[in-house]
Amino acid sequence: MKFKNIPRIYIDKELKENIVFEISIQDKHYLCNVMRLKEEDRFKVFNGVDGEWVASISSRKQSMVRCISKIREQETFEGPSLYFSIIKNNNLKWMIEKVTELGIKKLIPVITERTIVKSINRRKLLAHIKEASEVSDRISLPQLEEKMTLQNVLKKIKKEKKQLIFCNENRNDQSLFKYFSKNFKKNISFLIGPEGGFSMTEQNFLKEHKSIISVKLNDRILRADTAAILAISAYNCYNNI
């Protein structure tokens, strides 16, 4: 059987042979109403732990499905983290979907001096992450962490001794592509600022930290969502060389 084009959903449940479990109303609607699957029709399911499996609908009425056989082993995922200033809902939704598709590992909302929107709808963001992971053939979902202030981000980076790539708007900085050509590492994080950029105080504060590398993404000013996608795309280019 070919599984390439059959539906695929994420389930927060244990997966093993012949186990039967109930799916959510949303997943039932997608499988039965959108994709028009009938009882005994097959689809793919994953949970980020037990690999990917073929499952079938046991009962449309009771929303029950049965796990049949494993078709893909769970992989250890390597990818960058993204610290991002919270932006307007539509742009944020688009950014979250695209960086999930591109392979982000962790997503961390950040509050900066120029952050206008200071809250997120976590439930909706997790739904966007789930859907983007399902359609992009990811075998695990990126982790969405709680929002942090910029000061706490810097404390965390220093404590974990990780490298943070500060995507700056300063055209005098070296480009990210030039930096990656000599210093590429897999275990890194990106920091993307708000619309309007970081304040001068924040920029100076960031550049004082030795573990933070300031780079430019382009000779033009980019929107926050565009900058995030370009940064992750650059990472993927060098990761695949």
# chains A, B, ... in the order shown; residues from 1 in each chain; ligands from 1
>>> residues_around(residues="Lys13 in chain A", least_positions_apart="5", cutoff="12 Å", atoms="only C-alpha atoms", output="PyMOL selection string")
chain A and resi 19-24+45-51+65+67
>>> select_by_dssp(residues="range 9-139 of chain A", states="alpha helix (DSSP H)", output="PyMOL selection string")
chain A and resi 25-28+89-102+122-135
>>> atom_distance(atom1="CA of Thr201 in chain A", atom2="CA of Ala228 in chain A")
22.1 Å
>>> closest_residue(among="A:Ser181, A:Arg42, A:Ser211, A:Glu52", to="Glu73 in chain A", atoms="only C-alpha atoms")
A:Glu52
>>> closest_atom_pairs(of="range 24-86 of chain A", to="range 113-120 of chain A", cutoff="12 Å", atoms="only C-alpha atoms", output="Markdown table")
| residue | atom | partner | partner_atom | distance |
| --- | --- | --- | --- | --- |
| A:Phe84 | CA | A:Thr115 | CA | 10.2 |
| A:Ser85 | CA | A:Thr115 | CA | 6.5 |
| A:Ile86 | CA | A:Val117 | CA | 6.0 |
>>> residues_around(residues="range 87-99 of chain A", least_positions_apart="6", cutoff="7 Å", atoms="only C-alpha atoms", output="compact mmCIF listing (two decimals) with all heavy atoms, in the first residue's frame")
# COMPACT_ATOMS: atom_id res chain seq x y z
N VAL A 117 1.72 43.93 20.90
CA VAL A 117 0.85 42.85 21.36
C VAL A 117 1.61 42.06 22.42
O VAL A 117 2.66 41.49 22.13
CB VAL A 117 0.46 41.92 20.19
CG1 VAL A 117 -0.48 40.81 20.68
CG2 VAL A 117 -0.20 42.72 19.08
N LEU A 125 -2.31 28.93 18.79
CA LEU A 125 -0.96 28.71 18.25
C LEU A 125 -0.62 27.23 18.22
O LEU A 125 -0.01 26.74 17.26
CB LEU A 125 0.07 29.47 19.08
CG LEU A 125 0.12 30.99 18.91
CD1 LEU A 125 1.33 31.56 19.64
CD2 LEU A 125 0.18 31.38 17.43
N HIS A 128 -2.23 25.71 15.23
CA HIS A 128 -1.49 26.01 14.00
C HIS A 128 -0.24 25.14 13.89
O HIS A 128 0.10 24.66 12.81
CB HIS A 128 -1.09 27.49 13.98
CG HIS A 128 -2.25 28.44 14.00
ND1 HIS A 128 -3.44 28.17 13.37
CD2 HIS A 128 -2.39 29.66 14.59
CE1 HIS A 128 -4.26 29.19 13.56
NE2 HIS A 128 -3.66 30.09 14.29
N ILE A 129 0.45 24.95 15.01
CA ILE A 129 1.65 24.11 15.04
C ILE A 129 1.30 22.68 14.67
O ILE A 129 2.00 22.02 13.89
CB ILE A 129 2.31 24.17 16.44
CG1 ILE A 129 2.97 25.53 16.65
CG2 ILE A 129 3.33 23.05 16.61
CD1 ILE A 129 3.44 25.77 18.07
N ALA A 132 0.43 22.45 10.87
CA ALA A 132 1.62 22.61 10.04
C ALA A 132 2.53 21.39 10.12
O ALA A 132 3.15 20.99 9.14
CB ALA A 132 2.39 23.87 10.46
N PRO A 194 10.66 42.98 17.21
CA PRO A 194 9.30 43.42 16.86
C PRO A 194 9.29 44.28 15.61
O PRO A 194 10.35 44.66 15.10
CB PRO A 194 8.89 44.24 18.09
CG PRO A 194 10.19 44.85 18.54
CD PRO A 194 11.25 43.79 18.29
N ASP A 225 7.99 38.59 10.53
CA ASP A 225 7.68 37.24 10.06
C ASP A 225 8.56 36.84 8.88
O ASP A 225 9.01 35.69 8.79
CB ASP A 225 6.19 37.11 9.70
CG ASP A 225 5.67 38.26 8.85
OD1 ASP A 225 6.36 39.28 8.73
OD2 ASP A 225 4.56 38.13 8.29
N ILE A 229 11.45 33.60 8.78
CA ILE A 229 11.45 32.58 7.73
C ILE A 229 12.78 32.57 6.98
O ILE A 229 13.32 31.50 6.66
CB ILE A 229 10.26 32.81 6.78
CG1 ILE A 229 8.96 32.56 7.53
CG2 ILE A 229 10.35 31.92 5.55
CD1 ILE A 229 7.74 33.07 6.81
N ILE A 232 15.54 30.87 9.26
CA ILE A 232 15.42 29.40 9.32
C ILE A 232 15.77 28.78 7.97
O ILE A 232 16.37 27.70 7.90
CB ILE A 232 14.00 28.98 9.74
CG1 ILE A 232 13.58 29.67 11.04
CG2 ILE A 232 13.93 27.47 9.91
CD1 ILE A 232 14.55 29.52 12.17
>>> residues_around(residues="Glu160 in chain A", least_positions_apart="4", cutoff="12 Å", atoms="only C-alpha atoms", output="list in words")
Val153, Leu154, Lys155, Lys156, Leu164, Asn187, Ile188, Ser189 and Ser211 of chain A
>>> decode(residues="range 89-120 of chain A", atoms="N, CA, C and O atoms", output="compact mmCIF listing (two decimals), in the first residue's frame")
# COMPACT_ATOMS: atom_id res chain seq x y z
N ASN A 89 -1.79 39.10 15.15
CA ASN A 89 -2.27 37.72 15.06
C ASN A 89 -2.10 37.07 13.69
O ASN A 89 -1.61 35.94 13.59
N ASN A 90 -2.53 37.73 12.62
CA ASN A 90 -2.45 37.11 11.30
C ASN A 90 -1.01 36.86 10.88
O ASN A 90 -0.69 35.80 10.33
N ASN A 91 -0.13 37.83 11.12
CA ASN A 91 1.28 37.66 10.79
C ASN A 91 1.92 36.59 11.66
O ASN A 91 2.76 35.81 11.20
N LEU A 92 1.52 36.55 12.94
CA LEU A 92 2.06 35.55 13.86
C LEU A 92 1.64 34.15 13.43
O LEU A 92 2.47 33.23 13.43
N LYS A 93 0.38 33.98 13.07
CA LYS A 93 -0.11 32.68 12.61
C LYS A 93 0.68 32.20 11.40
O LYS A 93 1.12 31.05 11.35
N TRP A 94 0.87 33.09 10.43
CA TRP A 94 1.60 32.73 9.21
C TRP A 94 3.04 32.36 9.54
O TRP A 94 3.57 31.37 9.03
N MET A 95 3.69 33.15 10.40
CA MET A 95 5.08 32.88 10.77
C MET A 95 5.21 31.53 11.47
O MET A 95 6.11 30.73 11.16
N ILE A 96 4.33 31.26 12.44
CA ILE A 96 4.38 30.01 13.20
C ILE A 96 4.22 28.81 12.27
O ILE A 96 4.95 27.82 12.37
N GLU A 97 3.29 28.90 11.34
CA GLU A 97 3.07 27.80 10.40
C GLU A 97 4.31 27.55 9.54
O GLU A 97 4.74 26.40 9.36
N LYS A 98 4.91 28.62 9.02
CA LYS A 98 6.02 28.45 8.09
C LYS A 98 7.29 27.97 8.78
O LYS A 98 7.99 27.10 8.25
N VAL A 99 7.61 28.51 9.95
CA VAL A 99 8.84 28.04 10.61
C VAL A 99 8.66 26.62 11.13
O VAL A 99 9.63 25.86 11.22
N THR A 100 7.42 26.24 11.45
CA THR A 100 7.16 24.84 11.81
C THR A 100 7.42 23.93 10.62
O THR A 100 8.08 22.90 10.73
N GLU A 101 6.92 24.31 9.46
CA GLU A 101 7.16 23.54 8.24
C GLU A 101 8.65 23.46 7.93
O GLU A 101 9.14 22.43 7.43
N LEU A 102 9.39 24.53 8.21
CA LEU A 102 10.81 24.58 7.89
C LEU A 102 11.68 23.84 8.89
O LEU A 102 12.86 23.62 8.64
N GLY A 103 11.13 23.46 10.04
CA GLY A 103 11.88 22.60 10.95
C GLY A 103 12.33 23.22 12.25
O GLY A 103 13.32 22.78 12.83
N ILE A 104 11.63 24.23 12.75
CA ILE A 104 12.00 24.83 14.03
C ILE A 104 11.81 23.80 15.14
O ILE A 104 10.90 22.97 15.08
N LYS A 105 12.66 23.86 16.17
CA LYS A 105 12.56 22.91 17.28
C LYS A 105 11.82 23.50 18.47
O LYS A 105 11.01 22.83 19.10
N LYS A 106 12.11 24.77 18.79
CA LYS A 106 11.44 25.44 19.90
C LYS A 106 11.01 26.83 19.49
O LYS A 106 11.71 27.51 18.73
N LEU A 107 9.87 27.27 20.03
CA LEU A 107 9.34 28.60 19.79
C LEU A 107 9.15 29.29 21.12
O LEU A 107 8.45 28.78 22.01
N ILE A 108 9.79 30.47 21.28
CA ILE A 108 9.73 31.18 22.54
C ILE A 108 9.29 32.62 22.31
O ILE A 108 10.06 33.43 21.77
N PRO A 109 8.06 33.00 22.69
CA PRO A 109 7.61 34.39 22.55
C PRO A 109 8.39 35.30 23.50
O PRO A 109 8.69 34.93 24.64
N VAL A 110 8.69 36.52 23.02
CA VAL A 110 9.51 37.45 23.80
C VAL A 110 8.81 38.82 23.88
O VAL A 110 8.25 39.30 22.90
N ILE A 111 8.86 39.42 25.06
CA ILE A 111 8.34 40.77 25.28
C ILE A 111 9.52 41.75 25.24
O ILE A 111 10.47 41.60 26.01
N THR A 112 9.48 42.71 24.33
CA THR A 112 10.52 43.73 24.23
C THR A 112 9.91 45.11 24.48
O THR A 112 8.70 45.25 24.66
N GLU A 113 10.75 46.14 24.47
CA GLU A 113 10.26 47.49 24.73
C GLU A 113 9.24 47.94 23.69
O GLU A 113 8.31 48.69 23.99
N ARG A 114 9.40 47.49 22.45
CA ARG A 114 8.51 47.92 21.38
C ARG A 114 7.46 46.89 21.00
O ARG A 114 6.80 47.02 19.98
N THR A 115 7.33 45.85 21.81
CA THR A 115 6.29 44.86 21.57
C THR A 115 4.93 45.51 21.84
O THR A 115 4.68 45.98 22.95
N ILE A 116 4.08 45.52 20.84
CA ILE A 116 2.75 46.12 20.99
C ILE A 116 1.76 45.09 21.53
O ILE A 116 1.05 45.34 22.50
N VAL A 117 1.72 43.93 20.90
CA VAL A 117 0.85 42.85 21.36
C VAL A 117 1.61 42.06 22.42
O VAL A 117 2.66 41.49 22.13
N LYS A 118 1.11 42.02 23.63
CA LYS A 118 1.85 41.40 24.73
C LYS A 118 1.25 40.08 25.20
O LYS A 118 1.67 39.53 26.22
N SER A 119 0.26 39.57 24.50
CA SER A 119 -0.34 38.30 24.87
C SER A 119 -0.52 37.43 23.63
O SER A 119 -0.59 37.94 22.51
N ILE A 120 -0.59 36.14 23.83
CA ILE A 120 -0.82 35.20 22.73
C ILE A 120 -1.96 34.26 23.11
O ILE A 120 -2.22 34.02 24.29
